[in-house]
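J.: See upload-v1.txt below, with compact mmCIF, C-alpha atoms.
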```txt
# COMPACT_ATOMS: atom_id res chain seq x y z
CA MET A 1473 0.00 0.00 0.00
CA ASN A 1474 1.13 3.50 -0.79
CA PRO A 1475 2.66 4.92 2.47
CA HIS A 1476 0.88 8.24 1.97
CA ARG A 1477 -2.47 6.50 1.49
CA ARG A 1478 -1.83 4.38 4.57
CA GLN A 1479 -1.14 7.49 6.67
CA CYS A 1480 -4.38 9.07 5.42
CA LEU A 1481 -6.39 6.00 6.32
CA LEU A 1482 -4.83 5.88 9.78
CA ALA A 1483 -5.62 9.55 10.27
CA LEU A 1484 -9.21 9.03 9.19
CA GLY A 1485 -9.54 6.07 11.51
CA ALA A 1486 -8.15 8.03 14.43
CA SER A 1487 -10.52 10.92 13.68
CA ALA A 1488 -13.50 8.58 13.53
CA GLY A 1489 -12.42 7.00 16.78
CA LEU A 1490 -12.19 10.36 18.48
CA SER A 1491 -15.61 11.30 17.11
CA LEU A 1492 -17.19 8.13 18.46
CA LEU A 1493 -15.42 8.65 21.77
CA GLY A 1494 -16.83 12.18 21.94
CA GLN A 1495 -20.32 10.95 21.16
CA SER A 1496 -20.00 8.23 23.77
CA ALA A 1497 -18.78 10.72 26.38
CA HIS A 1498 -21.65 13.06 25.56
CA ALA A 1499 -24.15 10.22 25.82
CA GLY A 1500 -22.71 9.31 29.21
CA SER A 1501 -22.93 12.92 30.35
CA PHE A 1502 -26.54 13.11 29.14
CA GLU A 1503 -27.52 10.12 31.26
CA ASP A 1504 -25.51 11.40 34.24
CA PHE A 1505 -27.19 14.80 33.97
CA PHE A 1506 -30.75 13.55 34.22
CA THR A 1507 -29.87 10.87 36.76
CA ALA A 1508 -28.37 13.59 38.95
CA ILE A 1509 -31.56 15.64 38.67
CA ARG A 1510 -33.70 12.67 39.69
CA ARG A 1511 -31.37 11.99 42.61
CA ASN A 1512 -31.20 15.67 43.62
CA ASP A 1513 -27.42 15.40 43.22
CA ALA A 1514 -26.10 18.96 43.04
CA SER A 1515 -22.44 17.93 43.12
CA THR A 1516 -22.64 15.88 39.93
CA LEU A 1517 -24.59 18.62 38.17
CA GLN A 1518 -22.03 21.25 39.13
CA THR A 1519 -19.20 19.02 37.89
CA LEU A 1520 -20.91 18.43 34.54
CA ILE A 1521 -21.64 22.13 34.11
CA ARG A 1522 -18.02 23.06 34.91
CA ARG A 1523 -16.92 20.61 32.21
CA GLY A 1524 -19.08 22.41 29.69
CA PHE A 1525 -22.30 20.39 29.70
CA ASP A 1526 -25.25 22.56 28.70
CA PRO A 1527 -27.58 23.00 31.72
CA ASN A 1528 -30.46 23.74 29.31
CA THR A 1529 -30.34 20.25 27.81
CA VAL A 1530 -33.72 18.60 27.30
CA ASP A 1531 -34.52 14.92 27.85
CA GLU A 1532 -35.83 12.46 25.24
CA ALA A 1533 -39.35 13.81 25.75
CA GLY A 1534 -38.22 17.41 25.19
CA GLN A 1535 -38.42 18.44 28.85
CA PRO A 1536 -35.67 20.83 30.03
CA GLY A 1537 -33.60 19.66 32.98
CA LEU A 1538 -34.69 22.62 35.10
CA MET A 1539 -38.35 21.82 34.50
CA MET A 1540 -37.76 18.23 35.58
CA ALA A 1541 -35.94 19.36 38.72
CA VAL A 1542 -38.75 21.74 39.69
CA ASP A 1543 -41.40 19.12 38.90
CA LEU A 1544 -39.60 16.62 41.13
CA GLN A 1545 -39.01 19.32 43.77
CA SER A 1546 -35.31 18.48 43.69
CA VAL A 1547 -34.28 21.66 45.47
CA ARG A 1548 -30.51 21.12 45.44
CA ALA A 1549 -30.65 20.23 41.75
CA VAL A 1550 -32.63 23.39 40.98
CA GLU A 1551 -30.11 25.51 42.88
CA ALA A 1552 -27.21 23.89 41.03
CA LEU A 1553 -28.82 24.47 37.63
CA LEU A 1554 -29.72 28.08 38.41
CA SER A 1555 -26.11 28.74 39.40
CA ALA A 1556 -25.02 28.06 35.80
CA PRO A 1557 -24.22 31.34 34.00
CA ASN A 1558 -26.18 30.43 30.86
CA ILE A 1559 -29.22 28.83 32.48
CA GLN A 1560 -32.65 29.69 31.04
CA ALA A 1561 -35.09 30.00 33.94
CA GLU A 1562 -38.14 30.55 31.74
CA VAL A 1563 -38.79 26.97 30.62
CA ARG A 1564 -42.05 25.18 29.81
CA ASN A 1565 -43.42 21.66 29.78
CA LYS A 1566 -45.57 20.20 26.99
CA LYS A 1567 -48.69 21.72 28.57
CA GLY A 1568 -47.20 25.19 28.30
CA GLU A 1569 -46.71 25.43 32.06
CA SER A 1570 -43.61 27.23 33.23
CA ALA A 1571 -41.40 26.17 36.13
CA LEU A 1572 -42.62 29.22 38.05
CA MET A 1573 -46.24 28.14 37.54
CA LEU A 1574 -45.55 24.76 39.13
CA CYS A 1575 -43.97 26.49 42.12
CA ALA A 1576 -46.90 28.90 42.32
CA ILE A 1577 -49.62 26.28 42.61
CA ARG A 1578 -47.58 24.32 45.16
CA GLY A 1579 -46.78 27.36 47.26
CA ASP A 1580 -43.06 26.67 46.89
CA LEU A 1581 -41.79 30.09 47.88
CA ALA A 1582 -38.07 29.32 48.01
CA LEU A 1583 -37.91 27.96 44.47
CA ALA A 1584 -40.26 30.66 43.16
CA LYS A 1585 -37.98 33.38 44.53
CA LEU A 1586 -34.94 31.72 42.92
CA LEU A 1587 -36.66 31.48 39.56
CA ILE A 1588 -37.82 35.11 39.68
CA GLU A 1589 -34.28 36.21 40.58
CA HIS A 1590 -33.13 34.45 37.41
CA ASP A 1591 -35.71 36.21 35.21
CA ALA A 1592 -38.54 33.67 35.10
CA ASP A 1593 -41.52 35.39 33.45
CA VAL A 1594 -44.03 36.52 36.06
CA ASN A 1595 -46.43 37.69 33.33
CA LYS A 1596 -46.17 34.99 30.69
CA THR A 1597 -48.85 35.05 28.00
CA GLY A 1598 -51.97 32.96 28.64
CA TRP A 1599 -52.29 31.21 31.98
CA THR A 1600 -49.92 32.96 34.35
CA PRO A 1601 -48.17 32.06 37.60
CA LEU A 1602 -50.72 34.25 39.41
CA HIS A 1603 -53.60 32.14 38.03
CA TYR A 1604 -51.85 29.08 39.43
CA ALA A 1605 -51.06 30.71 42.77
CA ALA A 1606 -54.71 31.76 43.12
CA SER A 1607 -55.82 28.17 42.44
CA GLY A 1608 -53.53 26.55 45.00
CA THR A 1609 -54.59 25.36 48.44
CA THR A 1610 -51.37 25.21 50.47
CA GLN A 1611 -50.66 27.29 53.56
CA ASN A 1612 -48.19 29.36 51.52
CA GLN A 1613 -50.61 30.57 48.86
CA VAL A 1614 -51.16 34.05 50.32
CA GLU A 1615 -47.42 34.64 50.49
CA MET A 1616 -47.04 33.28 46.97
CA VAL A 1617 -49.68 35.67 45.64
CA ARG A 1618 -48.01 38.58 47.43
CA LEU A 1619 -44.60 37.53 46.06
CA LEU A 1620 -45.91 37.59 42.50
CA LEU A 1621 -47.75 40.88 42.97
CA ASP A 1622 -44.62 42.42 44.53
CA ASN A 1623 -42.81 41.40 41.33
CA SER A 1624 -45.31 43.20 39.10
CA ALA A 1625 -47.70 40.33 38.32
CA TYR A 1626 -50.77 41.72 36.54
CA ILE A 1627 -53.62 41.15 39.00
CA ASP A 1628 -56.36 40.93 36.35
CA ALA A 1629 -54.40 38.82 33.87
CA ALA A 1630 -56.68 37.12 31.35
CA SER A 1631 -56.23 33.43 30.58
CA PRO A 1632 -56.86 32.15 27.02
CA ASN A 1633 -60.59 32.02 27.87
CA GLY A 1634 -60.57 35.36 29.68
CA SER A 1635 -60.62 34.01 33.23
CA THR A 1636 -58.78 36.02 35.88
CA PRO A 1637 -56.84 34.96 38.98
CA LEU A 1638 -59.77 36.18 41.11
CA MET A 1639 -62.07 33.76 39.30
CA MET A 1640 -59.63 30.92 39.97
CA ALA A 1641 -59.49 31.81 43.66
CA ALA A 1642 -63.28 32.04 43.83
CA MET A 1643 -63.74 28.50 42.54
CA TYR A 1644 -60.60 26.57 43.46
CA GLY A 1645 -58.40 28.52 45.85
CA ARG A 1646 -58.35 29.64 49.43
CA SER A 1647 -60.67 32.29 50.84
CA ASP A 1648 -57.71 34.20 52.28
CA VAL A 1649 -56.18 34.38 48.81
CA LEU A 1650 -59.48 35.68 47.45
CA LYS A 1651 -59.45 38.36 50.15
CA VAL A 1652 -55.89 39.43 49.31
CA LEU A 1653 -56.70 39.74 45.61
CA ILE A 1654 -59.75 41.85 46.40
CA GLU A 1655 -57.75 44.05 48.80
CA GLU A 1656 -55.05 44.51 46.17
CA GLY A 1657 -57.59 45.77 43.64
CA ALA A 1658 -58.67 42.77 41.55
CA ASP A 1659 -61.65 43.72 39.39
CA ALA A 1660 -64.58 41.52 40.46
CA SER A 1661 -66.80 42.86 37.70
CA LEU A 1662 -64.79 41.31 34.84
CA ARG A 1663 -66.31 38.51 32.76
CA ASN A 1664 -64.59 35.71 30.86
CA GLU A 1665 -65.46 34.61 27.32
CA LYS A 1666 -68.49 32.70 28.61
CA GLY A 1667 -69.78 35.81 30.35
CA LEU A 1668 -69.00 34.49 33.83
CA THR A 1669 -67.82 36.69 36.71
CA ALA A 1670 -65.92 35.70 39.84
CA ILE A 1671 -69.26 35.47 41.68
CA ASP A 1672 -70.49 32.99 39.06
CA PHE A 1673 -67.39 30.87 39.58
CA ALA A 1674 -67.98 30.79 43.34
CA GLN A 1675 -71.69 30.01 42.93
CA GLN A 1676 -70.97 27.06 40.65
CA VAL A 1677 -69.24 25.22 43.51
CA GLY A 1678 -71.45 26.51 46.33
CA ARG A 1679 -68.84 28.69 47.99
CA THR A 1680 -71.26 31.13 49.59
CA ALA A 1681 -68.62 32.86 51.72
CA ASN A 1682 -66.71 33.72 48.56
CA VAL A 1683 -69.89 34.95 46.89
CA GLU A 1684 -70.53 37.28 49.83
CA ALA A 1685 -66.94 38.53 49.92
CA ILE A 1686 -66.96 39.39 46.21
CA ALA A 1687 -70.44 40.96 46.37
CA SER A 1688 -69.33 43.09 49.32
CA ALA A 1689 -66.29 44.26 47.38
CA LEU A 1690 -68.45 45.21 44.42
CA ARG A 1691 -70.85 47.17 46.64
CA ALA A 1692 -67.97 48.99 48.31
CA ARG A 1693 -66.70 50.18 44.93
CA GLN A 1694 -70.00 51.53 43.73
CA PRO A 1695 -70.55 55.29 44.00
CA LYS A 1696 -72.60 56.27 47.02
CA GLY A 1697 -76.31 56.51 46.33
CA THR A 1698 -76.35 53.73 43.72
CA TRP A 1699 -77.25 50.98 46.20
```
Once you've parsed the file, please lay out its structure as structure tokens.
T.:
Amino acid sequence: MNPHRRQCLLALGASAGLSLLGQSAHAGSFEDFFTAIRRNDASTLQTLIRRGFDPNTVDEAGQPGLMMAVDLQSVRAVEALLSAPNIQAEVRNKKGESALMLCAIRGDLALAKLLIEHDADVNKTGWTPLHYAASGTTQNQVEMVRLLLDNSAYIDAASPNGSTPLMMAAMYGRSDVLKVLIEEGADASLRNEKGLTAIDFAQQVGRTANVEAIASALRARQPKGTW
């Protein structure tokens, strides 16, 4: 065989070998990354990120690592991912829910604060974190609603069908959350695309205390002499 041709073939073989090795190493890192998230293993995540692994990598189903960590409530994993300089905190699942929305409905204040600090979108289009916070039932929901409002959440945000956070609180959420939204100026007179108000939402599930609270707020905002 021509010596020059032999050297070329050897070089090509070495290059292919290195390429396969790189692919194998990446595949191993991919598995390690998502295993570390499931195990809440911050140390492994930090090591992978230092070595150049992209913290925004998505799994086989298209779910970003940060979304998985929040969904699993793997707090140390979330903290490790958010410490990466190029992390994208505004991530969504296939339902269009953001990581901040999952924290909002669970009343997970610590993770919500971290996400907001890293520019998670408080006012995403469509269903918002405030809609989810208003629908939650944990002991932390009032603080979660206040956290979002303090970070400029739009109190009368309209969902794709025109429903507001107040409507969600009236039907699904806590009465103390409903009270906070009313006190902070939520408009109880708004209607969604079906023509329903917050009072209608409360009436549908027999929440008479919520009906009274909303009706009282509406009366208080009417000009004197009209009722």
J.: Report, in Å to a single decimal, how far apart atom CA of A:Gln1694 and atom CA of A:Asp1659 are.
T.: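 Between atom CA of A:Asp1659 and atom CA of A:Gln1694 the gap works out to 12.2 Å.
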J.: Quick check, in Å to one decimal: how far apart do atom CA of A:Trp1599 and atom CA of A:Ser1631 lie?
T.: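 Between these atoms lies a distance of 4.7 Å.
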J.: For A:Gly1634, work out the shell of residues within 6 Å, counting all atoms listed in the file and skipping chain neighbours fewer than 2 positions away, then give it as a PyMOL selection string.
T.: chain A and resi 1630-1632+1664-1665
J.: Can you pull out the residues contacting A:Leu1553? Cut-off 12 Å, using all atoms listed in the file, and skip same-chain residues under 6 positions away; I want them as an NGL selection string.
T.: :A and (1505-1506 or 1508-1509 or 1512-1522 or 1525-1529 or 1536-1542 or 1546-1547 or 1559-1561 or 1583 or 1586-1587 or 1590)
J.: Would you mind exporting C-alpha atoms of the selected residues as a short mmCIF file (atom, residue, chain, number, x, y, z; two decimals), in the coordinates of the input?
T.:
```cif
data_model
loop_
_atom_site.label_atom_id
_atom_site.label_comp_id
_atom_site.auth_asym_id
_atom_site.auth_seq_id
_atom_site.Cartn_x
_atom_site.Cartn_y
_atom_site.Cartn_z
CA PHE A 1505 -27.19 14.80 33.97
CA PHE A 1506 -30.75 13.55 34.22
CA ALA A 1508 -28.37 13.59 38.95
CA ILE A 1509 -31.56 15.64 38.67
CA ASN A 1512 -31.20 15.67 43.62
CA ASP A 1513 -27.42 15.40 43.22
CA ALA A 1514 -26.10 18.96 43.04
CA SER A 1515 -22.44 17.93 43.12
CA THR A 1516 -22.64 15.88 39.93
CA LEU A 1517 -24.59 18.62 38.17
CA GLN A 1518 -22.03 21.25 39.13
CA THR A 1519 -19.20 19.02 37.89
CA LEU A 1520 -20.91 18.43 34.54
CA ILE A 1521 -21.64 22.13 34.11
CA ARG A 1522 -18.02 23.06 34.91
CA PHE A 1525 -22.30 20.39 29.70
CA ASP A 1526 -25.25 22.56 28.70
CA PRO A 1527 -27.58 23.00 31.72
CA ASN A 1528 -30.46 23.74 29.31
CA THR A 1529 -30.34 20.25 27.81
CA PRO A 1536 -35.67 20.83 30.03
CA GLY A 1537 -33.60 19.66 32.98
CA LEU A 1538 -34.69 22.62 35.10
CA MET A 1539 -38.35 21.82 34.50
CA MET A 1540 -37.76 18.23 35.58
CA ALA A 1541 -35.94 19.36 38.72
CA VAL A 1542 -38.75 21.74 39.69
CA SER A 1546 -35.31 18.48 43.69
CA VAL A 1547 -34.28 21.66 45.47
CA ILE A 1559 -29.22 28.83 32.48
CA GLN A 1560 -32.65 29.69 31.04
CA ALA A 1561 -35.09 30.00 33.94
CA LEU A 1583 -37.91 27.96 44.47
CA LEU A 1586 -34.94 31.72 42.92
CA LEU A 1587 -36.66 31.48 39.56
CA HIS A 1590 -33.13 34.45 37.41
#
```
J.: Considering all atoms listed in the file, can you say which of A:Leu1653, A:Ala1606, A:Leu1581, A:Met1640 comes closest to A:Leu1619?
T.: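 Ranked by minimum distance to A:Leu1619, first place goes to A:Leu1581.
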J.: Kindly provide, as a PyMOL selection string, the polymer residues lying within 9 Å of (-60.7, 40.4, 45.5), counting all atoms listed in the file and using the coordinates exactly as they appear in the file.
T.: chain A and resi 1638+1641-1642+1649-1660+1685-1686+1689
J.: Could you work out how far atom CA of A:Ala1592 lies from atom CA of A:Glu1615, giving the answer in Å with one decimal?
T.: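 Separating atom CA of A:Glu1615 from atom CA of A:Ala1592 is a distance of 17.8 Å.
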J.: List the spatial neighbours of A:Lys1585 as a list in words - criterion: any atom at most 12 Å away, only C-alpha atoms, same-chain residues fewer than 2 positions off excluded.
T.: Val1550, Glu1551, Leu1554, Ala1561, Ala1571, Leu1572, Cys1575, Ala1576, Gly1579, Asp1580, Leu1581, Ala1582, Leu1583, Leu1587, Ile1588, Glu1589, His1590, Asp1591, Ala1592, Asp1593, Val1594, Glu1615, Met1616, Val1617, Arg1618, Leu1619, Leu1620, Asp1622 and Asn1623 of chain A
J.: Generate a file of the selected residues that holds C-alpha atoms, formatted as a compact mmCIF listing (two decimals), in the frame of the given file.
T.:
```
# COMPACT_ATOMS: atom_id res chain seq x y z
CA VAL A 1550 -32.63 23.39 40.98
CA GLU A 1551 -30.11 25.51 42.88
CA LEU A 1554 -29.72 28.08 38.41
CA ALA A 1561 -35.09 30.00 33.94
CA ALA A 1571 -41.40 26.17 36.13
CA LEU A 1572 -42.62 29.22 38.05
CA CYS A 1575 -43.97 26.49 42.12
CA ALA A 1576 -46.90 28.90 42.32
CA GLY A 1579 -46.78 27.36 47.26
CA ASP A 1580 -43.06 26.67 46.89
CA LEU A 1581 -41.79 30.09 47.88
CA ALA A 1582 -38.07 29.32 48.01
CA LEU A 1583 -37.91 27.96 44.47
CA LEU A 1587 -36.66 31.48 39.56
CA ILE A 1588 -37.82 35.11 39.68
CA GLU A 1589 -34.28 36.21 40.58
CA HIS A 1590 -33.13 34.45 37.41
CA ASP A 1591 -35.71 36.21 35.21
CA ALA A 1592 -38.54 33.67 35.10
CA ASP A 1593 -41.52 35.39 33.45
CA VAL A 1594 -44.03 36.52 36.06
CA GLU A 1615 -47.42 34.64 50.49
CA MET A 1616 -47.04 33.28 46.97
CA VAL A 1617 -49.68 35.67 45.64
CA ARG A 1618 -48.01 38.58 47.43
CA LEU A 1619 -44.60 37.53 46.06
CA LEU A 1620 -45.91 37.59 42.50
CA ASP A 1622 -44.62 42.42 44.53
CA ASN A 1623 -42.81 41.40 41.33
```
J.: Using all atoms listed in the file, can you tell me which of A:Pro1601, A:Gly1645, A:Gly1524, A:Gly1500 comes closest to A:Ala1556?
T.: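 Selected residue with least distance to A:Ala1556: A:Gly1524.
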J.: Would you mind completing stretch 1505-1531 of chain A so that it carries N, CA and C atoms, and writing it out as a compact mmCIF listing (two decimals), in the coordinates of the input?
T.:
```txt
# COMPACT_ATOMS: atom_id res chain seq x y z
N PHE A 1505 -26.51 13.54 33.70
CA PHE A 1505 -27.19 14.80 33.97
C PHE A 1505 -28.59 14.56 34.51
N PHE A 1506 -29.36 13.77 33.81
CA PHE A 1506 -30.75 13.55 34.22
C PHE A 1506 -30.87 12.61 35.42
N THR A 1507 -29.90 11.71 35.55
CA THR A 1507 -29.87 10.87 36.76
C THR A 1507 -29.61 11.74 37.99
N ALA A 1508 -28.69 12.70 37.85
CA ALA A 1508 -28.37 13.59 38.95
C ALA A 1508 -29.57 14.43 39.35
N ILE A 1509 -30.35 14.86 38.37
CA ILE A 1509 -31.56 15.64 38.67
C ILE A 1509 -32.54 14.78 39.46
N ARG A 1510 -32.76 13.56 39.00
CA ARG A 1510 -33.70 12.67 39.69
C ARG A 1510 -33.23 12.36 41.10
N ARG A 1511 -31.92 12.32 41.29
CA ARG A 1511 -31.37 11.99 42.61
C ARG A 1511 -31.12 13.24 43.47
N ASN A 1512 -31.42 14.40 42.91
CA ASN A 1512 -31.20 15.67 43.62
C ASN A 1512 -29.72 15.82 43.98
N ASP A 1513 -28.87 15.46 43.02
CA ASP A 1513 -27.42 15.40 43.22
C ASP A 1513 -26.77 16.67 42.65
N ALA A 1514 -26.65 17.67 43.48
CA ALA A 1514 -26.10 18.96 43.04
C ALA A 1514 -24.63 18.86 42.65
N SER A 1515 -23.87 18.05 43.37
CA SER A 1515 -22.44 17.93 43.12
C SER A 1515 -22.15 17.44 41.71
N THR A 1516 -22.85 16.41 41.29
CA THR A 1516 -22.64 15.88 39.93
C THR A 1516 -23.04 16.91 38.88
N LEU A 1517 -24.15 17.60 39.12
CA LEU A 1517 -24.59 18.62 38.17
C LEU A 1517 -23.56 19.73 38.04
N GLN A 1518 -23.03 20.18 39.16
CA GLN A 1518 -22.03 21.25 39.13
C GLN A 1518 -20.78 20.81 38.39
N THR A 1519 -20.38 19.55 38.58
CA THR A 1519 -19.20 19.02 37.89
C THR A 1519 -19.44 18.98 36.39
N LEU A 1520 -20.59 18.49 35.97
CA LEU A 1520 -20.91 18.43 34.54
C LEU A 1520 -20.95 19.82 33.92
N ILE A 1521 -21.54 20.77 34.63
CA ILE A 1521 -21.64 22.13 34.11
C ILE A 1521 -20.25 22.76 33.99
N ARG A 1522 -19.39 22.53 34.97
CA ARG A 1522 -18.02 23.06 34.91
C ARG A 1522 -17.27 22.49 33.71
N ARG A 1523 -17.59 21.25 33.35
CA ARG A 1523 -16.92 20.61 32.21
C ARG A 1523 -17.51 21.04 30.88
N GLY A 1524 -18.53 21.88 30.92
CA GLY A 1524 -19.08 22.41 29.69
C GLY A 1524 -20.41 21.82 29.25
N PHE A 1525 -21.01 20.96 30.08
CA PHE A 1525 -22.30 20.39 29.70
C PHE A 1525 -23.37 21.47 29.78
N ASP A 1526 -24.23 21.52 28.78
CA ASP A 1526 -25.25 22.56 28.70
C ASP A 1526 -26.37 22.30 29.72
N PRO A 1527 -26.55 23.20 30.70
CA PRO A 1527 -27.58 23.00 31.72
C PRO A 1527 -29.01 23.12 31.18
N ASN A 1528 -29.14 23.60 29.93
CA ASN A 1528 -30.46 23.74 29.31
C ASN A 1528 -30.85 22.52 28.47
N THR A 1529 -30.07 21.47 28.57
CA THR A 1529 -30.34 20.25 27.81
C THR A 1529 -31.73 19.70 28.14
N VAL A 1530 -32.40 19.20 27.11
CA VAL A 1530 -33.72 18.60 27.30
C VAL A 1530 -33.61 17.08 27.23
N ASP A 1531 -34.55 16.38 27.88
CA ASP A 1531 -34.52 14.92 27.85
C ASP A 1531 -35.16 14.40 26.57
```
